[in-house]
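What follows is final24.txt (compact mmCIF, C-alpha atoms).
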```txt
# COMPACT_ATOMS: atom_id res chain seq x y z
CA MET N 1 -14.28 -0.62 15.81
CA ARG N 2 -13.94 -4.23 14.72
CA ALA N 3 -13.73 -7.19 17.01
CA SER N 4 -10.42 -7.74 18.70
CA ALA N 5 -9.82 -10.86 16.64
CA ASP N 6 -9.77 -8.63 13.61
CA ASN N 7 -6.82 -6.78 15.00
CA GLU N 8 -4.59 -9.73 15.78
CA ASN N 9 -1.06 -9.26 14.48
CA THR N 10 0.98 -11.81 12.65
CA GLY N 11 4.71 -11.88 12.97
CA ASP N 12 7.29 -10.54 15.31
CA GLU N 13 6.16 -7.04 16.21
CA THR N 14 6.88 -5.76 19.67
CA PRO N 15 4.06 -5.07 22.09
CA GLY N 16 2.51 -1.68 21.80
CA ASP N 17 3.53 -0.89 18.23
CA THR N 18 0.06 -1.39 16.87
CA GLY N 19 -1.14 2.07 17.78
CA ALA N 20 -2.24 4.61 15.25
CA GLY N 21 0.93 6.62 15.82
CA ALA N 22 3.28 3.82 14.72
CA SER N 23 5.40 4.50 11.65
CA ILE N 24 4.17 2.96 8.43
CA LEU N 25 7.71 1.65 7.89
CA HIS N 26 7.90 -0.08 11.28
CA GLN N 27 6.26 -3.37 10.34
CA PRO N 28 6.70 -7.05 11.18
CA ARG N 29 8.77 -9.15 8.78
CA ALA N 30 5.63 -11.04 7.79
CA VAL N 31 4.04 -7.84 6.48
CA TRP N 32 7.10 -7.01 4.37
CA ALA N 33 7.17 -10.56 2.98
CA VAL N 34 3.54 -10.30 1.85
CA ALA N 35 4.07 -6.75 0.55
CA PHE N 36 7.08 -7.90 -1.48
CA ALA N 37 5.11 -10.75 -3.03
CA ALA N 38 2.21 -8.32 -3.64
CA VAL N 39 4.54 -6.01 -5.59
CA ILE N 40 5.44 -8.90 -7.87
CA ALA N 41 1.81 -10.01 -8.19
CA PHE N 42 0.75 -6.51 -9.23
CA MET N 43 3.61 -6.40 -11.70
CA GLY N 44 1.66 -9.06 -13.57
CA ILE N 45 -1.16 -6.59 -14.25
CA GLY N 46 0.96 -4.14 -16.24
CA LEU N 47 3.67 -6.54 -17.37
CA VAL N 48 1.96 -7.40 -20.64
CA ASP N 49 1.11 -3.77 -21.43
CA PRO N 50 4.29 -2.91 -23.42
CA ILE N 51 4.16 -6.18 -25.38
CA LEU N 52 0.52 -6.02 -26.49
CA PRO N 53 1.40 -4.49 -29.89
CA ALA N 54 4.22 -7.03 -30.30
CA ILE N 55 1.92 -9.95 -29.50
CA SER N 56 -0.63 -8.53 -31.89
CA ALA N 57 1.97 -8.32 -34.69
CA GLU N 58 3.91 -11.55 -34.11
CA LEU N 59 0.92 -13.81 -33.44
CA ASP N 60 -1.25 -12.23 -36.14
CA ALA N 61 -3.88 -11.07 -33.64
CA SER N 62 -6.03 -7.95 -33.72
CA PRO N 63 -5.70 -5.36 -30.94
CA ALA N 64 -9.09 -6.52 -29.64
CA GLN N 65 -7.81 -10.10 -29.38
CA SER N 66 -4.61 -9.00 -27.65
CA MET N 67 -6.54 -7.00 -25.06
CA LEU N 68 -8.40 -10.19 -24.14
CA LEU N 69 -5.23 -11.05 -22.19
CA PHE N 70 -6.56 -8.57 -19.64
CA THR N 71 -10.16 -9.80 -19.88
CA SER N 72 -9.50 -13.50 -19.20
CA TYR N 73 -7.09 -12.60 -16.40
CA LEU N 74 -9.36 -10.09 -14.67
CA PHE N 75 -12.62 -11.99 -15.17
CA ILE N 76 -11.26 -15.08 -13.42
CA THR N 77 -9.50 -12.94 -10.81
CA GLY N 78 -12.73 -11.11 -9.97
CA GLY N 79 -14.97 -14.18 -10.00
CA MET N 80 -12.72 -16.31 -7.81
CA MET N 81 -12.20 -13.59 -5.22
CA PHE N 82 -15.71 -14.29 -3.94
CA PHE N 83 -14.45 -17.67 -2.72
CA THR N 84 -11.02 -16.79 -1.30
CA SER N 85 -12.23 -15.98 2.22
CA PHE N 86 -14.07 -19.33 2.36
CA LEU N 87 -10.86 -21.13 1.41
CA SER N 88 -8.38 -19.12 3.49
CA SER N 89 -10.48 -19.46 6.65
CA ARG N 90 -10.15 -23.25 6.33
CA ILE N 91 -6.60 -23.83 5.13
CA GLY N 92 -5.00 -20.65 6.49
CA ALA N 93 -3.84 -17.45 4.85
CA LYS N 94 -0.28 -18.69 4.34
CA THR N 95 -1.36 -21.82 2.48
CA THR N 96 -3.80 -19.81 0.36
CA LEU N 97 -1.07 -17.32 -0.55
CA LEU N 98 1.33 -20.12 -1.48
CA ILE N 99 -1.22 -21.92 -3.66
CA GLY N 100 -1.90 -18.63 -5.46
CA LEU N 101 1.81 -18.07 -6.06
CA VAL N 102 2.32 -21.60 -7.40
CA LEU N 103 -0.52 -21.12 -9.87
CA ILE N 104 0.90 -17.80 -11.04
CA VAL N 105 4.36 -19.31 -11.56
CA ALA N 106 2.94 -22.25 -13.51
CA PHE N 107 0.59 -20.32 -15.79
CA ALA N 108 3.01 -17.45 -16.40
CA ALA N 109 5.59 -19.97 -17.59
CA LEU N 110 3.02 -21.74 -19.77
CA ALA N 111 2.04 -18.39 -21.33
CA GLY N 112 5.70 -17.90 -22.25
CA PHE N 113 5.72 -21.21 -24.11
CA SER N 114 2.49 -20.43 -26.03
CA SER N 115 2.33 -20.45 -29.80
CA SER N 116 -0.95 -18.57 -30.30
CA VAL N 117 -2.78 -15.67 -28.73
CA ASP N 118 -5.67 -17.99 -27.79
CA GLN N 119 -3.30 -20.12 -25.72
CA ILE N 120 -1.98 -17.04 -23.92
CA ILE N 121 -5.55 -15.90 -23.20
CA GLY N 122 -6.30 -19.28 -21.65
CA PHE N 123 -3.14 -19.37 -19.55
CA ARG N 124 -3.76 -15.81 -18.40
CA ALA N 125 -7.10 -17.08 -17.04
CA GLY N 126 -5.21 -19.63 -14.93
CA TRP N 127 -2.85 -16.85 -13.89
CA GLY N 128 -5.91 -14.87 -12.79
CA LEU N 129 -7.01 -17.77 -10.57
CA GLY N 130 -3.69 -17.65 -8.76
CA ASN N 131 -3.87 -13.89 -8.52
CA ALA N 132 -7.36 -14.05 -6.98
CA LEU N 133 -6.15 -16.36 -4.22
CA PHE N 134 -3.14 -14.19 -3.59
CA ILE N 135 -4.36 -10.58 -3.88
CA SER N 136 -7.50 -10.80 -1.75
CA THR N 137 -5.73 -12.84 0.95
CA ALA N 138 -2.72 -10.50 0.87
CA LEU N 139 -4.91 -7.47 1.54
CA SER N 140 -6.61 -9.00 4.58
CA THR N 141 -3.27 -10.39 5.81
CA ILE N 142 -1.51 -7.02 5.64
CA VAL N 143 -4.45 -5.21 7.27
CA GLY N 144 -4.59 -7.78 10.07
CA ALA N 145 -0.84 -7.98 10.69
CA ALA N 146 0.45 -4.45 10.10
CA SER N 147 1.34 -2.00 12.83
CA GLY N 148 -0.33 1.40 13.01
CA GLY N 149 -3.94 0.53 12.23
CA ALA N 150 -5.96 -0.38 9.16
CA GLU N 151 -5.50 2.96 7.38
CA LYS N 152 -1.71 2.73 7.33
CA ALA N 153 -1.89 -0.94 6.39
CA ILE N 154 -4.05 -0.14 3.38
CA ILE N 155 -1.67 2.65 2.33
CA LEU N 156 1.16 0.10 2.53
CA TYR N 157 -0.87 -2.33 0.42
CA GLU N 158 -1.67 0.32 -2.17
CA ALA N 159 1.99 1.36 -2.20
CA ALA N 160 2.82 -2.24 -3.10
CA LEU N 161 0.21 -2.04 -5.84
CA GLY N 162 1.69 1.20 -7.15
CA VAL N 163 5.28 -0.06 -7.12
CA GLY N 164 4.19 -3.28 -8.82
CA ILE N 165 2.18 -1.46 -11.47
CA ALA N 166 5.11 0.91 -12.06
CA THR N 167 7.83 -1.71 -12.38
CA GLY N 168 5.66 -4.20 -14.29
CA PRO N 169 5.62 -2.21 -17.56
CA LEU N 170 9.32 -1.35 -17.18
CA LEU N 171 10.27 -4.99 -16.75
CA GLY N 172 7.85 -5.89 -19.53
CA GLY N 173 9.56 -3.37 -21.80
CA LEU N 174 13.07 -4.59 -20.93
CA LEU N 175 12.28 -8.27 -21.40
CA GLY N 176 9.83 -7.59 -24.21
CA GLY N 177 12.63 -5.89 -26.16
CA ILE N 178 14.27 -9.32 -26.30
CA SER N 179 11.11 -11.32 -26.97
CA TRP N 180 7.43 -11.01 -26.17
CA ARG N 181 7.88 -14.27 -24.23
CA GLY N 182 10.41 -12.69 -21.85
CA PRO N 183 7.95 -10.91 -19.51
CA PHE N 184 6.06 -14.13 -18.88
CA PHE N 185 9.17 -16.08 -17.93
CA GLY N 186 10.38 -13.11 -15.86
CA THR N 187 7.16 -13.12 -13.86
CA ALA N 188 7.45 -16.85 -13.19
CA VAL N 189 10.95 -16.38 -11.76
CA LEU N 190 9.99 -13.39 -9.59
CA MET N 191 6.90 -15.08 -8.20
CA ALA N 192 9.01 -18.09 -7.31
CA ILE N 193 11.17 -15.71 -5.24
CA GLY N 194 8.00 -14.36 -3.62
CA PHE N 195 6.97 -17.93 -2.83
CA ILE N 196 10.22 -18.51 -0.95
CA ALA N 197 9.82 -15.21 0.94
CA ILE N 198 6.33 -16.18 2.12
CA ILE N 199 7.51 -19.62 3.26
CA VAL N 200 10.41 -18.18 5.25
CA LEU N 201 8.90 -15.01 6.73
CA LEU N 202 5.15 -15.55 7.15
CA PRO N 203 4.08 -17.68 10.14
CA GLY N 204 1.53 -20.37 9.43
CA GLY N 205 -1.91 -20.87 10.94
CA THR N 206 -5.46 -20.01 10.04
CA SER N 207 -5.42 -16.78 12.03
CA SER N 208 -2.68 -15.19 9.96
CA ASN N 209 -5.17 -13.37 7.86
CA GLY N 210 -5.98 -11.11 10.75
CA ALA N 211 -9.55 -12.31 11.03
CA SER N 212 -11.57 -14.68 13.12
CA THR N 213 -10.35 -18.28 13.17
CA GLU N 214 -13.92 -19.48 12.63
CA PRO N 215 -14.51 -20.85 9.11
CA ILE N 216 -16.22 -18.40 6.78
CA ARG N 217 -19.32 -19.63 4.96
CA LEU N 218 -19.22 -20.04 1.20
CA SER N 219 -22.10 -17.60 0.84
CA ALA N 220 -20.52 -14.91 3.05
CA THR N 221 -19.13 -12.74 0.26
CA PHE N 222 -22.37 -12.95 -1.74
CA ARG N 223 -24.47 -12.15 1.31
CA ALA N 224 -22.21 -9.16 1.94
CA LEU N 225 -23.57 -7.57 -1.22
CA ALA N 226 -26.96 -7.33 0.50
CA ARG N 227 -25.48 -4.60 2.69
CA PRO N 228 -26.23 -1.28 0.97
CA GLY N 229 -22.85 0.32 1.72
CA VAL N 230 -20.92 -2.67 0.38
CA ALA N 231 -23.06 -2.89 -2.75
CA ILE N 232 -22.80 0.84 -3.48
CA LEU N 233 -19.03 0.87 -3.11
CA GLY N 234 -18.70 -2.31 -5.17
CA VAL N 235 -20.73 -0.97 -8.09
CA SER N 236 -18.98 2.40 -8.04
CA ALA N 237 -15.57 0.67 -7.93
CA LEU N 238 -16.61 -1.59 -10.83
CA LEU N 239 -17.43 1.48 -12.93
CA TYR N 240 -14.22 3.21 -11.86
CA ASN N 241 -12.16 0.14 -12.74
CA PHE N 242 -13.70 0.22 -16.20
CA GLY N 243 -12.07 3.62 -16.72
CA PHE N 244 -8.83 2.43 -15.07
CA PHE N 245 -8.38 -0.48 -17.47
CA ILE N 246 -9.42 1.54 -20.51
CA ILE N 247 -6.29 3.56 -19.77
CA LEU N 248 -4.08 0.57 -18.96
CA ALA N 249 -5.20 -1.98 -21.57
CA TYR N 250 -6.06 0.26 -24.53
CA SER N 251 -3.56 3.13 -24.35
CA PRO N 252 -0.52 1.18 -25.68
CA PHE N 253 -2.16 1.01 -29.10
CA PRO N 254 -2.78 4.73 -29.72
CA VAL N 255 0.65 5.56 -28.24
CA GLU N 256 2.30 3.06 -30.59
CA ALA N 257 0.28 4.37 -33.54
CA ALA N 258 1.20 7.99 -32.75
CA ALA N 259 4.88 7.04 -32.46
CA ALA N 260 4.75 5.30 -35.84
CA LYS N 261 3.29 8.42 -37.48
CA LEU N 262 6.32 10.36 -36.24
CA GLY N 263 8.67 7.78 -37.71
CA MET N 264 9.64 6.42 -34.27
CA GLU N 265 9.70 2.77 -35.34
CA ASP N 266 12.15 1.91 -32.56
CA PHE N 267 9.79 3.17 -29.83
CA GLY N 268 8.44 -0.34 -29.25
CA ALA N 269 8.09 -2.24 -26.00
CA MET N 270 10.83 -0.30 -24.21
CA GLY N 271 9.25 3.06 -25.01
CA LEU N 272 5.86 1.86 -23.76
CA GLY N 273 7.59 0.45 -20.69
CA TYR N 274 8.98 3.89 -19.81
CA VAL N 275 5.59 5.56 -20.37
CA PHE N 276 3.76 3.20 -18.06
CA PHE N 277 6.62 3.19 -15.58
CA GLY N 278 6.05 6.94 -15.19
CA TRP N 279 2.33 6.30 -14.92
CA GLY N 280 2.85 3.66 -12.23
CA ILE N 281 5.24 5.85 -10.24
CA CYS N 282 2.51 8.49 -10.11
CA VAL N 283 0.04 5.82 -8.94
CA ALA N 284 2.42 4.81 -6.14
CA ILE N 285 3.22 8.36 -4.99
CA THR N 286 -0.35 9.58 -4.77
CA SER N 287 -1.47 6.29 -3.19
CA VAL N 288 0.89 6.88 -0.29
CA PHE N 289 1.07 10.66 -0.02
CA GLY N 290 -1.79 12.19 -2.00
CA ALA N 291 -4.71 10.15 -0.69
CA PRO N 292 -4.08 10.77 3.04
CA VAL N 293 -3.75 14.53 2.49
CA LEU N 294 -6.94 14.72 0.44
CA THR N 295 -9.04 12.55 2.75
CA LYS N 296 -7.87 14.49 5.80
CA ARG N 297 -9.10 17.72 4.22
CA MET N 298 -12.25 16.47 2.52
CA GLY N 299 -13.18 13.07 3.91
CA ARG N 300 -13.31 9.88 1.86
CA ARG N 301 -16.67 10.39 0.17
CA ARG N 302 -15.93 13.89 -1.09
CA SER N 303 -12.44 12.80 -2.13
CA LEU N 304 -13.95 10.06 -4.28
CA ILE N 305 -16.43 12.44 -5.92
CA VAL N 306 -13.86 15.14 -6.72
CA THR N 307 -11.19 12.76 -8.02
CA LEU N 308 -13.64 10.71 -10.09
CA VAL N 309 -14.93 13.87 -11.77
CA GLY N 310 -11.32 14.84 -12.51
CA LEU N 311 -10.66 11.41 -14.04
CA ALA N 312 -13.79 11.61 -16.21
CA VAL N 313 -12.72 15.01 -17.54
CA LEU N 314 -9.23 13.67 -18.28
CA LEU N 315 -10.61 10.67 -20.16
CA GLY N 316 -12.73 13.04 -22.23
CA VAL N 317 -9.62 15.07 -23.09
CA MET N 318 -7.75 11.89 -24.05
CA SER N 319 -10.42 11.06 -26.63
CA PHE N 320 -9.49 14.25 -28.50
CA LEU N 321 -5.71 13.87 -28.07
CA VAL N 322 -5.59 10.22 -29.10
CA GLU N 323 -3.47 10.98 -32.19
CA SER N 324 -1.08 13.32 -30.37
CA PHE N 325 2.03 11.42 -29.25
CA LEU N 326 3.01 13.92 -26.55
CA GLY N 327 -0.57 14.75 -25.57
CA ILE N 328 -1.67 11.17 -24.94
CA ILE N 329 1.49 10.36 -22.95
CA VAL N 330 1.08 13.43 -20.72
CA CYS N 331 -2.55 12.44 -20.09
CA ILE N 332 -1.52 8.89 -19.16
CA ILE N 333 0.97 10.22 -16.60
CA ILE N 334 -1.58 12.64 -15.11
CA ALA N 335 -4.12 9.81 -14.95
CA GLY N 336 -1.69 7.90 -12.74
CA MET N 337 -1.89 10.65 -10.13
CA LEU N 338 -5.68 10.44 -10.00
CA LEU N 339 -5.77 6.64 -10.05
CA GLY N 340 -3.38 6.40 -7.09
CA VAL N 341 -5.70 8.51 -4.93
CA LEU N 342 -8.77 6.56 -6.03
CA ASN N 343 -7.20 3.15 -5.43
CA THR N 344 -6.34 4.00 -1.83
CA VAL N 345 -9.58 5.79 -0.97
CA PHE N 346 -11.77 3.10 -2.53
CA THR N 347 -9.91 0.34 -0.67
CA GLU N 348 -10.01 2.20 2.66
CA SER N 349 -13.72 2.83 2.18
CA ALA N 350 -14.42 -0.82 1.33
CA MET N 351 -12.70 -2.00 4.50
CA GLU N 352 -14.51 0.53 6.71
CA VAL N 353 -18.01 0.65 5.21
CA SER N 354 -19.16 -2.38 7.23
CA ASP N 355 -18.23 -4.50 10.23
CA LEU N 356 -17.62 -7.56 8.04
CA PRO N 357 -14.50 -9.64 8.70
CA ARG N 358 -11.54 -8.33 6.70
CA PRO N 359 -11.28 -11.35 4.36
CA VAL N 360 -15.00 -11.12 3.48
CA ALA N 361 -14.86 -7.36 2.90
CA SER N 362 -11.70 -7.73 0.81
CA GLY N 363 -13.02 -10.61 -1.29
CA THR N 364 -16.40 -9.01 -1.96
CA TYR N 365 -15.04 -5.60 -2.90
CA SER N 366 -12.16 -6.95 -4.99
CA GLY N 367 -14.38 -9.47 -6.77
CA VAL N 368 -16.85 -6.84 -7.91
CA ARG N 369 -14.28 -4.20 -8.89
CA PHE N 370 -12.22 -6.52 -11.10
CA ILE N 371 -15.28 -7.40 -13.18
CA GLY N 372 -15.21 -3.80 -14.43
CA GLY N 373 -11.59 -4.26 -15.46
CA ALA N 374 -12.49 -7.46 -17.32
CA VAL N 375 -15.23 -5.77 -19.37
CA ALA N 376 -13.18 -2.68 -20.31
CA PRO N 377 -10.82 -4.32 -22.87
CA ILE N 378 -13.74 -5.99 -24.66
CA VAL N 379 -15.54 -2.67 -25.03
CA ALA N 380 -12.34 -0.81 -25.95
CA GLY N 381 -11.48 -3.25 -28.72
CA ALA N 382 -14.99 -3.25 -30.18
CA VAL N 383 -15.66 0.49 -30.15
CA SER N 384 -12.16 1.46 -31.36
CA GLU N 385 -12.60 -0.75 -34.42
CA SER N 386 -16.21 0.20 -35.14
CA ILE N 387 -16.35 3.88 -34.12
CA SER N 388 -13.00 5.66 -33.69
CA ALA N 389 -9.66 5.47 -31.92
CA GLY N 390 -10.78 8.02 -29.32
CA SER N 391 -14.15 6.45 -28.51
CA PRO N 392 -12.91 4.00 -25.80
CA TYR N 393 -11.87 6.96 -23.68
CA LEU N 394 -15.34 8.48 -24.01
CA PHE N 395 -16.87 5.20 -22.85
CA GLY N 396 -14.45 5.22 -19.94
CA ALA N 397 -15.44 8.78 -19.05
CA GLY N 398 -19.10 7.79 -19.10
CA ALA N 399 -18.49 4.84 -16.76
CA VAL N 400 -16.55 7.01 -14.32
CA LEU N 401 -19.32 9.61 -14.27
CA LEU N 402 -21.81 6.82 -13.53
CA SER N 403 -19.60 5.93 -10.57
CA VAL N 404 -20.03 9.50 -9.32
CA VAL N 405 -23.80 9.15 -9.66
CA VAL N 406 -23.82 5.87 -7.70
CA ILE N 407 -21.80 7.37 -4.83
CA SER N 408 -23.97 10.50 -4.78
CA LEU N 409 -27.21 8.51 -4.66
CA GLY N 410 -25.83 6.28 -1.92
CA TRP N 411 -24.24 9.15 0.01
CA LYS N 412 -26.00 8.48 3.32
CA LYS N 413 -25.36 4.74 3.16
CA LEU N 414 -21.62 5.45 2.93
CA ARG N 415 -21.41 7.77 5.95
CA ARG N 416 -19.56 5.07 7.92
CA VAL N 417 -16.46 5.46 5.71
CA ASP N 418 -16.02 8.99 7.12
CA GLY N 419 -16.64 7.87 10.70
CA HIS N 420 -20.15 9.32 10.86
CA ILE N 421 -22.80 7.72 13.06
CA ASP N 422 -25.55 10.25 12.47
CA GLU N 423 -25.89 12.13 9.21
CA SER N 424 -25.58 15.88 9.58
CA PRO N 425 -27.75 18.39 7.68
CA VAL N 426 -24.70 19.25 5.57
CA ASP N 427 -24.32 15.61 4.54
CA GLU N 428 -28.03 15.39 3.74
CA ALA N 429 -27.71 18.44 1.51
CA TYR N 430 -24.68 16.91 -0.18
CA ALA N 431 -26.58 13.68 -0.78
CA LEU N 432 -29.31 15.62 -2.56
CA THR N 433 -27.03 17.78 -4.68
CA GLY N 434 -24.22 15.29 -5.31
CA GLY N 435 -21.59 17.95 -4.70
CA ASP N 436 -20.18 20.47 -2.31
CA ALA N 437 -22.13 23.63 -1.66
```
How does the structure come out when it is put into structure tokens?
Amino acid sequence: MRASADNENTGDETPGDTGAGASILHQPRAVWAVAFAAVIAFMGIGLVDPILPAISAELDASPAQSMLLFTSYLFITGGMMFFTSFLSSRIGAKTTLLIGLVLIVAFAALAGFSSSVDQIIGFRAGWGLGNALFISTALSTIVGAASGGAEKAIILYEAALGVGIATGPLLGGLLGGISWRGPFFGTAVLMAIGFIAIIVLLPGGTSSNGASTEPIRLSATFRALARPGVAILGVSALLYNFGFFIILAYSPFPVEAAAAKLGMEDFGAMGLGYVFFGWGICVAITSVFGAPVLTKRMGRRRSLIVTLVGLAVLLGVMSFLVESFLGIIVCIIIAGMLLGVLNTVFTESAMEVSDLPRPVASGTYSGVRFIGGAVAPIVAGAVSESISAGSPYLFGAGAVLLSVVVISLGWKKLRRVDGHIDESPVDEAYALTGGDA
């Protein structure tokens, strides 16, 4: 159990509704305000997905250059998350969230006014800075303020991620059908609405992040990596995120190419929007419903191993179906089901693997994992141009399998995520074999 300060609630909940039996839907207004803004923030991840081919065509950029929109965004997001707990513990979670939202609004609008792909890449980096301040602080805020315990709070957070990832491509397709600039301006408007919601519904104060009011040291998130459990989960999540963003950042190009071969020239941004809307819906559903069922039956560590192996196999299949229009779309949708489970279980594990304050655990884990997402588009662009269209998926499968190896080797160090104090002989056997007997 964490310190009582870690369980402080923010908002207007009634006494006694913080128990584990509380409904996930019975939450303070402050939690819903942050969750709403989180949905919009996560929309920004997939928003550009349907317009990547359009940006590539209209701004005379290669697919590899277009995918750098993900790299600049995620690299800055990941790097700056190491410093968000230091900042939020001094100026308060609400102020940190608002600064992040202002930056997203400003840089999303600037991206819409860009005249070259290099300008968009640069503005997406600024967007990533705002996202870093917002996402990491939002996670610790929801966990600290939500009713029903940390597990339900994380499910709520991952549901926001899933809904945002699902609606992002759909909105991107709708607005991208008008102009590739549309999704950027749309994000700016929506985040401005999120800004207003946070101002109105989230109480101020430095304790609103659900953690200790004592200032967090600048080195706290880096020192956290010295803890074996945190480091193991961070590295495995980094490798997993590599596979995640191979699917998200690279897949629009083979889908578009397969559609063109079938004479579906009008498929475009709207068609890609529908594909990734279906993918995101699957992410949301399994985040909320699939992950709890699986972890209840198997525990978090075994759930990670089994689902990661399934994702690696699927990525391998995608490398062979890359030229099949129907095949690649079906694989993308199925991948969403696996990714939803993994997102929730990884996040739950990261928040439970140590007794670190929530903001430190959130910033450290999120910072490391997003680096994997930043590297994936660079690799995908390079290997698709130099080897084959299916090769990025094979690289993704390899990274995901390495994640399985990392978790298996660090099995005993992760026993805390399943509530174990002493390792049983069964767990020791699992650690040695890397799989269920």
ask   = Nearest to Val309 in chain N: which of N:Ser403, N:Ser66, N:Ser366, N:Ser324 is it, counting all atoms listed in the file?
value = N:Ser403
task = Go ahead and compute the interatomic distance for CA of Gly243 in chain N and CA of Met43 in chain N, in Å to one decimal.
result = 19.3 Å
request  = Name all residues at most 12 Å from range 170-183 of chain N (count all atoms listed in the file; drop same-chain ones fewer than 3 positions away) and give them as a ChimeraX atom specification.
outcome  = /N:40,43-59,108-117,120,163-167,186-190,252,266-281
inquiry  = Quick check, in Å to one decimal: how far apart do CA of Ile91 in chain N and CA of Ile104 in chain N lie?
reply    =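 Distance reported for this atom pair: 18.8 Å.
Only residues having an atom at most 8 Å from (-18.0, 2.1, -7.4) are included; using all atoms listed in the file, these are Ile232, Leu233, Gly234, Val235, Ser236, Ala237, Leu238, Leu239, Tyr240, Phe346, Arg369, Ser403, Val404, Val406 and Ile407 of chain N.
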Report, as AutoDock Vina command-line options, the centre and edge lengths in Å (one decimal) of the axis-aligned box enclosing every listed atom of range 75-86 of chain N, padded by 4 Å on each side.
```
--center_x -12.6 --center_y -15.2 --center_z -6.4 --size_x 14.2 --size_y 16.2 --size_z 25.5
```
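Residue nearest Pro215 in chain N, chosen from N:Asn131, N:Gln65, N:Ser89, N:Thr344 and counting all atoms listed in the file: N:Ser89.
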inquiry  = For a quick check of understanding, using all atoms listed in the file, which of N:Leu394, N:Ala376, N:Val288, N:Leu139 has the smallest distance to Leu74 in chain N?
reply    =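 That would be N:Ala376, the residue with the smallest distance to Leu74 in chain N.
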ask   = Using all atoms listed in the file, which of the listed residues (N:Val306, N:Ala374, N:Leu314, N:Val255) sits closest to Ile334 in chain N?
value = N:Leu314
inquiry  = So that I can see what lies close to Leu342 in chain N, please list as number ranges by chain the residues with an atom at most 8 Å from it, counting only C-alpha atoms and leaving out residues fewer than 4 positions away in the same chain.
reply    = N: 287, 291, 304, 307-308, 338, 346
Can I get the selected residues back with C-alpha atoms, as an mmCIF file, in the coordinates of the input?
```
data_model
loop_
_atom_site.group_PDB
_atom_site.id
_atom_site.type_symbol
_atom_site.label_atom_id
_atom_site.label_comp_id
_atom_site.auth_asym_id
_atom_site.auth_seq_id
_atom_site.Cartn_x
_atom_site.Cartn_y
_atom_site.Cartn_z
ATOM 1 C CA SER N 287 -1.470 6.290 -3.190
ATOM 2 C CA ALA N 291 -4.710 10.150 -0.690
ATOM 3 C CA LEU N 304 -13.950 10.060 -4.280
ATOM 4 C CA THR N 307 -11.190 12.760 -8.020
ATOM 5 C CA LEU N 308 -13.640 10.710 -10.090
ATOM 6 C CA LEU N 338 -5.680 10.440 -10.000
ATOM 7 C CA PHE N 346 -11.770 3.100 -2.530
#
```
message = Can you measure CA of Ala389 in chain N to CA of Phe370 in chain N for me? One decimal in Å is fine.
response = 24.2 Å
ask   = In terms of the shortest atom-to-atom distance over only C-alpha atoms, which of N:Ala257, N:Ala335, N:Ala224, N:Ala153 is closest to Ala361 in chain N?
value = N:Ala224
